[in-house]
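Peer 1: Here you go, model-v1.cif (mmCIF, C-alpha atoms and all ligand atoms):
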data_run
loop_
_atom_site.label_atom_id
_atom_site.label_comp_id
_atom_site.auth_asym_id
_atom_site.auth_seq_id
_atom_site.Cartn_x
_atom_site.Cartn_y
_atom_site.Cartn_z
CA MET A 370 -20.84 210.13 -14.93
CA ALA A 371 -19.74 206.76 -13.61
CA VAL A 372 -17.24 204.83 -15.70
CA VAL A 373 -18.11 201.15 -15.91
CA ALA A 374 -15.13 198.81 -16.07
CA ALA A 375 -15.32 196.73 -19.22
CA CYS A 376 -13.67 193.37 -19.85
CA LEU A 377 -12.90 192.03 -23.29
CA PRO A 378 -15.53 189.34 -23.98
CA CYS A 379 -14.02 185.90 -23.39
CA GLY A 380 -16.92 183.91 -24.77
CA GLY A 381 -17.10 181.72 -21.68
CA VAL A 382 -17.42 178.64 -23.85
CA GLY A 383 -16.19 175.33 -22.45
CA PHE A 384 -14.65 172.49 -24.42
CA PRO A 385 -16.71 169.33 -24.81
CA ALA A 386 -14.45 166.32 -24.20
CA VAL A 387 -14.47 165.38 -27.88
CA THR A 388 -13.08 168.75 -29.04
CA GLU A 389 -10.74 169.43 -26.12
CA PRO A 390 -7.46 170.87 -27.41
CA GLY A 391 -4.54 168.44 -27.37
CA PHE A 392 -2.37 170.73 -25.23
CA LEU A 393 -4.94 170.56 -22.41
CA ARG A 394 -5.02 166.75 -22.50
CA ALA A 395 -1.21 166.63 -22.47
CA THR A 396 -0.95 169.15 -19.62
CA ARG A 397 -3.52 167.32 -17.50
CA ALA A 398 -1.90 163.92 -18.10
CA SER A 399 1.56 165.30 -17.32
CA TYR A 400 0.54 166.84 -14.00
CA ASP A 401 -1.54 163.79 -13.09
CA ALA A 402 1.66 161.75 -13.56
CA VAL A 403 3.88 163.93 -11.34
CA ALA A 404 1.28 164.87 -8.71
CA ALA A 405 2.40 162.41 -6.03
CA GLY A 406 5.98 163.70 -6.03
CA TYR A 407 5.28 167.39 -6.69
CA SER A 408 4.35 168.62 -3.23
CA GLY A 409 7.37 166.99 -1.55
CA HIS A 410 9.73 168.33 -4.21
CA PHE A 411 8.51 171.95 -3.97
CA ARG A 412 7.67 171.97 -0.24
CA ASP A 413 10.42 174.42 0.76
CA GLU A 414 10.69 176.40 -2.49
CA LEU A 415 8.73 179.46 -1.36
CA ALA A 416 10.75 179.67 1.85
CA ALA A 417 13.85 180.18 -0.32
CA ARG A 418 12.28 183.05 -2.31
CA PRO A 419 11.88 186.24 -0.22
CA LEU A 420 11.09 188.44 -3.25
CA ASP A 421 8.38 186.08 -4.48
CA ARG A 422 6.88 186.10 -0.98
CA ALA A 423 7.03 189.90 -1.01
CA MET A 424 4.84 189.98 -4.14
CA LEU A 425 2.41 187.54 -2.52
CA ALA A 426 2.32 189.65 0.66
CA GLY A 427 1.66 192.83 -1.33
CA PHE A 428 -1.10 191.14 -3.32
CA ALA A 429 -2.68 189.82 -0.11
CA GLU A 430 -2.63 193.21 1.57
CA LEU A 431 -4.13 194.97 -1.47
CA VAL A 432 -6.90 192.37 -1.82
CA ARG A 433 -7.70 192.48 1.91
CA THR A 434 -7.82 196.27 1.90
CA ALA A 435 -10.04 196.44 -1.21
CA GLY A 436 -12.42 193.93 0.41
CA ALA A 437 -13.92 193.02 -2.97
CA GLY A 438 -14.28 189.26 -2.39
CA PRO A 439 -12.44 185.93 -2.17
CA VAL A 440 -9.38 184.89 -4.18
CA ALA A 441 -9.11 182.06 -6.70
CA ASP A 442 -5.68 180.45 -7.06
CA ILE A 443 -6.00 179.28 -10.66
CA GLY A 444 -3.63 176.48 -11.58
CA CYS A 445 -3.15 175.89 -7.84
CA GLY A 446 -1.44 172.53 -8.24
CA THR A 447 -1.01 170.87 -4.86
CA GLY A 448 -2.15 174.02 -3.05
CA ARG A 449 1.14 175.15 -1.52
CA VAL A 450 0.66 178.82 -2.57
CA THR A 451 -3.10 178.66 -1.87
CA ALA A 452 -2.22 177.73 1.71
CA HIS A 453 0.40 180.50 1.87
CA LEU A 454 -2.21 183.10 0.83
CA ASN A 455 -4.64 181.68 3.37
CA GLY A 456 -1.94 182.16 5.99
CA LEU A 457 -1.76 185.81 4.91
CA GLY A 458 -5.41 186.24 5.90
CA LEU A 459 -7.13 185.75 2.52
CA SER A 460 -10.26 183.76 1.88
CA VAL A 461 -8.88 181.66 -0.96
CA PHE A 462 -9.74 178.53 -2.93
CA GLY A 463 -7.85 176.63 -5.63
CA VAL A 464 -8.76 175.53 -9.16
CA ASP A 465 -6.63 173.17 -11.22
CA LEU A 466 -6.86 171.23 -14.47
CA SER A 467 -5.30 168.06 -13.02
CA PRO A 468 -7.57 165.88 -10.86
CA GLN A 469 -4.49 164.25 -9.28
CA MET A 470 -2.96 167.60 -8.30
CA VAL A 471 -6.33 168.59 -6.80
CA ALA A 472 -6.51 165.28 -4.90
CA VAL A 473 -3.09 165.95 -3.35
CA ALA A 474 -4.12 169.55 -2.55
CA ARG A 475 -7.26 168.35 -0.76
CA ARG A 476 -5.28 165.80 1.27
CA SER A 477 -2.51 168.28 2.13
CA HIS A 478 -4.80 171.19 3.05
CA PRO A 479 -8.08 169.68 4.27
CA GLY A 480 -9.37 173.04 5.52
CA LEU A 481 -9.28 174.64 2.05
CA ARG A 482 -11.49 174.22 -1.02
CA PHE A 483 -9.99 172.89 -4.27
CA ASP A 484 -11.93 172.37 -7.52
CA VAL A 485 -11.03 170.69 -10.80
CA GLY A 486 -11.43 173.20 -13.63
CA SER A 487 -9.71 175.03 -16.45
CA MET A 488 -8.73 178.67 -16.72
CA LEU A 489 -9.94 178.47 -20.33
CA ALA A 490 -13.54 178.16 -19.15
CA LEU A 491 -13.82 179.35 -15.56
CA ASP A 492 -16.96 178.07 -13.89
CA LEU A 493 -17.36 181.20 -11.75
CA PRO A 494 -19.93 184.01 -11.84
CA ASP A 495 -19.11 187.46 -13.22
CA GLY A 496 -17.61 189.85 -10.66
CA ALA A 497 -17.40 187.21 -7.91
CA LEU A 498 -13.75 187.59 -6.86
CA GLY A 499 -11.55 190.11 -5.11
CA GLY A 500 -8.43 188.46 -6.52
CA VAL A 501 -7.15 186.00 -9.10
CA MET A 502 -3.72 184.46 -8.77
CA ALA A 503 -2.05 182.40 -11.50
CA TRP A 504 1.29 181.33 -10.04
CA TYR A 505 3.29 179.62 -12.81
CA SER A 506 0.14 178.30 -14.48
CA ILE A 507 -0.29 180.55 -17.55
CA ILE A 508 3.06 179.03 -18.59
CA HIS A 509 1.08 176.12 -20.06
CA ILE A 510 -1.29 178.30 -22.12
CA PRO A 511 -0.40 178.73 -25.80
CA GLN A 512 -0.01 182.24 -27.13
CA GLU A 513 -3.26 182.34 -29.11
CA ARG A 514 -5.30 181.49 -25.99
CA LEU A 515 -3.72 183.89 -23.50
CA LEU A 516 -5.85 186.96 -24.22
CA GLY A 517 -9.00 184.86 -23.76
CA VAL A 518 -7.66 183.61 -20.41
CA PHE A 519 -7.04 187.19 -19.22
CA ALA A 520 -10.50 188.24 -20.42
CA GLY A 521 -11.88 185.41 -18.27
CA PHE A 522 -9.88 186.66 -15.25
CA CYS A 523 -11.31 190.15 -15.81
CA ARG A 524 -14.84 188.80 -16.08
CA VAL A 525 -14.75 186.93 -12.74
CA LEU A 526 -13.13 189.85 -10.87
CA ALA A 527 -15.20 192.43 -9.04
CA PRO A 528 -14.37 196.05 -9.94
CA GLY A 529 -11.26 196.94 -7.94
CA GLY A 530 -10.11 193.29 -7.80
CA PHE A 531 -6.49 192.27 -8.39
CA VAL A 532 -4.64 189.73 -10.56
CA LEU A 533 -1.18 188.38 -9.71
CA LEU A 534 0.82 186.41 -12.29
CA ALA A 535 4.15 184.58 -12.01
CA PHE A 536 5.94 183.17 -15.06
CA GLN A 537 9.35 182.46 -16.58
CA VAL A 538 10.82 185.09 -18.90
CA GLY A 539 12.00 184.21 -22.39
CA ASP A 540 11.13 183.99 -26.04
CA GLU A 541 11.21 180.28 -26.80
CA PRO A 542 9.03 177.57 -25.25
CA LEU A 543 10.64 174.68 -23.39
CA HIS A 544 9.32 171.16 -24.01
CA LEU A 545 9.91 168.56 -21.29
CA THR A 546 9.47 164.82 -21.74
CA GLU A 547 10.53 163.79 -18.22
CA ALA A 548 9.95 165.20 -14.75
CA LEU A 549 10.25 163.78 -11.23
CA GLY A 550 10.96 160.35 -12.73
CA HIS A 551 7.86 160.26 -14.96
CA ALA A 552 7.42 160.45 -18.72
CA ILE A 553 5.48 163.62 -19.57
CA SER A 554 4.80 165.87 -22.56
CA LEU A 555 4.62 169.45 -21.36
CA ASP A 556 5.20 172.84 -23.00
CA PHE A 557 6.45 175.74 -20.85
CA HIS A 558 5.69 179.05 -22.60
CA ARG A 559 8.25 181.63 -21.56
CA ARG A 560 7.25 185.23 -22.21
CA GLN A 561 8.39 188.83 -22.06
CA PRO A 562 6.74 190.82 -19.24
CA GLY A 563 5.95 193.75 -21.56
CA HIS A 564 4.07 191.47 -23.92
CA VAL A 565 2.05 189.90 -21.08
CA ALA A 566 1.33 193.36 -19.65
CA GLY A 567 0.02 194.44 -23.07
CA LEU A 568 -2.39 191.48 -23.19
CA LEU A 569 -3.61 192.22 -19.64
CA GLY A 570 -4.36 195.76 -20.80
CA GLN A 571 -6.25 194.51 -23.85
CA ALA A 572 -8.34 192.32 -21.54
CA GLY A 573 -9.40 195.36 -19.48
CA LEU A 574 -6.88 195.10 -16.62
CA VAL A 575 -4.47 197.85 -15.54
CA VAL A 576 -0.92 196.76 -14.65
CA SER A 577 0.27 198.40 -11.43
CA ALA A 578 3.53 196.58 -10.59
CA ARG A 579 6.19 194.43 -12.28
CA LEU A 580 9.03 192.53 -10.63
CA LEU A 581 11.77 191.02 -12.77
CA ARG A 582 13.94 188.70 -10.69
CA GLU A 583 17.25 187.23 -11.87
CA PRO A 584 17.44 183.43 -11.97
CA ASP A 585 18.54 181.66 -8.79
CA GLU A 586 21.47 179.63 -10.09
CA ASP A 587 22.93 178.48 -6.77
CA GLY A 588 20.13 177.38 -4.45
CA ASN A 589 18.31 174.07 -4.07
CA PHE A 590 15.75 175.11 -6.72
CA THR A 591 17.87 176.31 -9.61
CA GLU A 592 16.28 178.39 -12.36
CA ARG A 593 17.32 178.75 -16.02
CA THR A 594 15.62 182.09 -16.76
CA GLN A 595 14.57 185.39 -15.24
CA GLN A 596 11.28 185.24 -13.35
CA ALA A 597 8.47 187.78 -13.82
CA PHE A 598 5.69 188.82 -11.46
CA LEU A 599 2.92 191.15 -12.68
CA LEU A 600 0.21 192.74 -10.59
CA ALA A 601 -2.85 194.19 -12.33
CA ARG A 602 -6.20 195.56 -11.28
CA LYS A 603 -9.69 195.66 -12.74
CA PRO A 604 -10.64 199.36 -12.73
CA ALA A 605 -13.00 200.24 -9.93
CA GLY A 606 -14.64 203.01 -11.98
CA ALA A 607 -13.91 206.71 -11.76
CA GLY A 608 -14.38 208.38 -8.40
CA HIS A 609 -16.08 211.77 -8.14
CA PRO A 610 -13.53 214.35 -9.42
CA ASP A 611 -14.03 216.60 -6.36
CA ALA A 612 -13.08 213.74 -4.02
CA ARG A 613 -9.66 213.17 -5.63
CA GLN A 614 -6.49 214.22 -3.86
CA PRO A 615 -3.99 216.28 -5.86
CA SER A 616 -0.99 214.35 -7.16
CA TYR A 617 2.59 215.66 -7.22
C1 LIG A 701 3.97 174.66 -12.53
S1 LIG A 701 2.47 174.08 -11.82
C2 LIG A 701 2.21 175.36 -10.58
C3 LIG A 701 1.30 174.89 -9.48
C4 LIG A 701 1.16 175.90 -8.33
N1 LIG A 701 0.65 177.18 -8.77
C5 LIG A 701 2.49 176.05 -7.63
O1 LIG A 701 3.13 177.12 -7.76
O2 LIG A 701 2.91 175.11 -6.96
C6 LIG A 701 1.25 174.50 -13.04
C7 LIG A 701 -0.17 174.09 -12.66
O3 LIG A 701 -1.08 174.70 -13.58
C8 LIG A 701 -2.11 173.76 -13.87
N2 LIG A 701 -2.72 174.13 -15.15
C9 LIG A 701 -2.17 174.09 -16.37
N3 LIG A 701 -3.05 174.47 -17.31
C10 LIG A 701 -4.20 174.79 -16.65
C11 LIG A 701 -5.48 175.24 -17.06
N4 LIG A 701 -5.78 175.42 -18.35
N5 LIG A 701 -6.41 175.49 -16.10
C12 LIG A 701 -6.13 175.28 -14.79
N6 LIG A 701 -4.95 174.81 -14.36
C13 LIG A 701 -3.99 174.57 -15.26
C14 LIG A 701 -1.40 172.43 -13.90
O4 LIG A 701 -2.29 171.34 -13.76
C15 LIG A 701 -0.43 172.59 -12.73
O5 LIG A 701 -0.97 172.13 -11.52
#
Would you encode the structure as structure tokens?
Ligand SMILES: C[S@@+](CC[C@H](N)C(=O)[O-])C[C@H]1O[C@@H](n2cnc3c(N)ncnc32)[C@H](O)[C@@H]1O

Peer 2:
Amino acid sequence: MAVVAACLPCGGVGFPAVTEPGFLRATRASYDAVAAGYSGHFRDELAARPLDRAMLAGFAELVRTAGAGPVADIGCGTGRVTAHLNGLGLSVFGVDLSPQMVAVARRSHPGLRFDVGSMLALDLPDGALGGVMAWYSIIHIPQERLLGVFAGFCRVLAPGGFVLLAFQVGDEPLHLTEALGHAISLDFHRRQPGHVAGLLGQAGLVVSARLLREPDEDGNFTERTQQAFLLARKPAGAGHPDARQPSY
């Protein structure tokens, strides 16, 4: 009997402008304000992070091998990691809440597709993707919305597709009122990897790898907390028992 992978229902309901949550408006306005300076500031950050690139390389290889479809970089910002994944041989496009971040992404990477959209209401068909990446973007999602976001990731993934998350570790949110010389109002939700892994599981995704990296306190891009990277997969369904290899 085939086992059908099931995602927790996410509702798939968008937010009409009049009822849009305040945190989304604040996040969009904050990133719109910093967009022009963001790509220059973070241009060389990934080059200084070999372990982060190792997670991206592993994700890319797994997605390519599974061959289940394209990748969405959700919360892509100015597209620097979207372009990195494209360089690793993935068919990838970006989605971001901030129209100004998307405008910079389109200018910086004219060969790639970038759409304005929210991970709270993904405008993508069920089962369309081989991979979803959220690289430091779930950090702006409040706790009570996170399970719904992961259910949405599960919905848009094809069976056998992968999710890669990056986020700061911690227990208390950080609120910033200034960044890159602009006034902003932005919450950064730090989380424990075990808690995030539990929510991924509740959404129907199976966690297959976790990297906990100590903060870089000396380099050009100093960090205040540990950094977490979680890889999860939407179950592909059970194979025929006779075809399985023994495990040791
Ligand atoms: C810290 S930046 C990371 C950008 C990019 N992933 C990178 O590593 O350079 C967070 C990004 O997430 C986006 N974002 C925040 N909330 C979002 C949401 N609900 N849906 C889509 N994007 C969102 C922001 O607009 C911003 O561009």

Peer 1: From the list A:Gly521, A:Pro604, A:Gly463, A:Pro468, which residue is nearest A:Ala398 when using only C-alpha atoms?

Peer 2: A:Pro468

Peer 1: Quick one: everything within 7 Å of A:Ser554, counting all atoms listed in the file, minus sequence neighbours fewer than 6 positions away in the same chain. Send it as an mmCIF file with C-alpha atoms, in the coordinates of the input.

Peer 2:
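This is the output file out-v2.cif:
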data_model
loop_
_atom_site.group_PDB
_atom_site.id
_atom_site.type_symbol
_atom_site.label_atom_id
_atom_site.label_comp_id
_atom_site.auth_asym_id
_atom_site.auth_seq_id
_atom_site.Cartn_x
_atom_site.Cartn_y
_atom_site.Cartn_z
ATOM 1 C CA ALA A 395 -1.210 166.630 -22.470
ATOM 2 C CA SER A 399 1.560 165.300 -17.320
ATOM 3 C CA LEU A 545 9.910 168.560 -21.290
ATOM 4 C CA THR A 546 9.470 164.820 -21.740
#

Peer 1: Using only C-alpha atoms and all ligand atoms, which protein or nucleic acid residues are at most 7 Å from ligand LIG 701 (chain A), as a count of residues only?

Peer 2: 28

Peer 1: Near A:Ala566, within 10 Å and counting all atoms listed in the file, which residues show up once chain neighbours fewer than 2 positions away are dropped, as a PyMOL selection string?

Peer 2: chain A and resi 561-564+568-572+574-579+599-601

Peer 1: What's the 8 Å shell around A:Ser408, counting only C-alpha atoms, without same-chain residues fewer than 3 positions away, as a PyMOL selection string?

Peer 2: chain A and resi 404-405+411-412+447+449+473

Peer 1: For C-alpha atoms, I'd like the residues from the last selection saved as a PDB file, in the coordinates of the input.

Peer 2:
ATOM      1  CA  ALA A 404       1.280 164.870  -8.710  1.00  0.00           C
ATOM      2  CA  ALA A 405       2.400 162.410  -6.030  1.00  0.00           C
ATOM      3  CA  PHE A 411       8.510 171.950  -3.970  1.00  0.00           C
ATOM      4  CA  ARG A 412       7.670 171.970  -0.240  1.00  0.00           C
ATOM      5  CA  THR A 447      -1.010 170.870  -4.860  1.00  0.00           C
ATOM      6  CA  ARG A 449       1.140 175.150  -1.520  1.00  0.00           C
ATOM      7  CA  VAL A 473      -3.090 165.950  -3.350  1.00  0.00           C
TER       8      VAL A 473
END

Peer 1: Which is closest to A:Ala520 among A:Gly539, A:Lys603, A:Ala497, A:Leu425, if we use all atoms listed in the file?

Peer 2: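 Among the listed residues, A:Lys603 lies closest to A:Ala520.
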
Peer 1: Which of these, A:Ile553, A:Leu516, A:Val532, A:Met502, has the shortest distance to A:Val565 once you count all atoms listed in the file?

Peer 2: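 Comparing A:Ile553, A:Leu516, A:Val532, A:Met502 against A:Val565, the winner is A:Leu516.
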
Peer 1: Under the rule that only C-alpha atoms are counted, which of A:Arg476, A:Arg602, A:Arg418, A:His410 is the nearest residue to A:Leu533?

Peer 2: A:Arg602

Peer 1: Quick one: residues within 9 Å of stretch 580-588 of chain A, all atoms listed in the file counted, chain neighbours fewer than 4 positions away excluded, as an MDAnalysis selection string?

Peer 2: chainID A and resid 417 420:421 424 538 562 592:600

Peer 1: Let's have the selection written as a compact mmCIF listing (two decimals), in the frame of the given file, with C-alpha atoms.

Peer 2:
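This went into again29.txt:
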# COMPACT_ATOMS: atom_id res chain seq x y z
CA ALA A 417 13.85 180.18 -0.32
CA LEU A 420 11.09 188.44 -3.25
CA ASP A 421 8.38 186.08 -4.48
CA MET A 424 4.84 189.98 -4.14
CA VAL A 538 10.82 185.09 -18.90
CA PRO A 562 6.74 190.82 -19.24
CA GLU A 592 16.28 178.39 -12.36
CA ARG A 593 17.32 178.75 -16.02
CA THR A 594 15.62 182.09 -16.76
CA GLN A 595 14.57 185.39 -15.24
CA GLN A 596 11.28 185.24 -13.35
CA ALA A 597 8.47 187.78 -13.82
CA PHE A 598 5.69 188.82 -11.46
CA LEU A 599 2.92 191.15 -12.68
CA LEU A 600 0.21 192.74 -10.59

Peer 1: Go through A:Val501, A:Ala423, A:Ala416, A:Ile508 and flag the residue nearest A:Gln537, using all atoms listed in the file for the distances.

Peer 2: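 The shortest atom-to-atom distance to A:Gln537 comes from A:Ile508.
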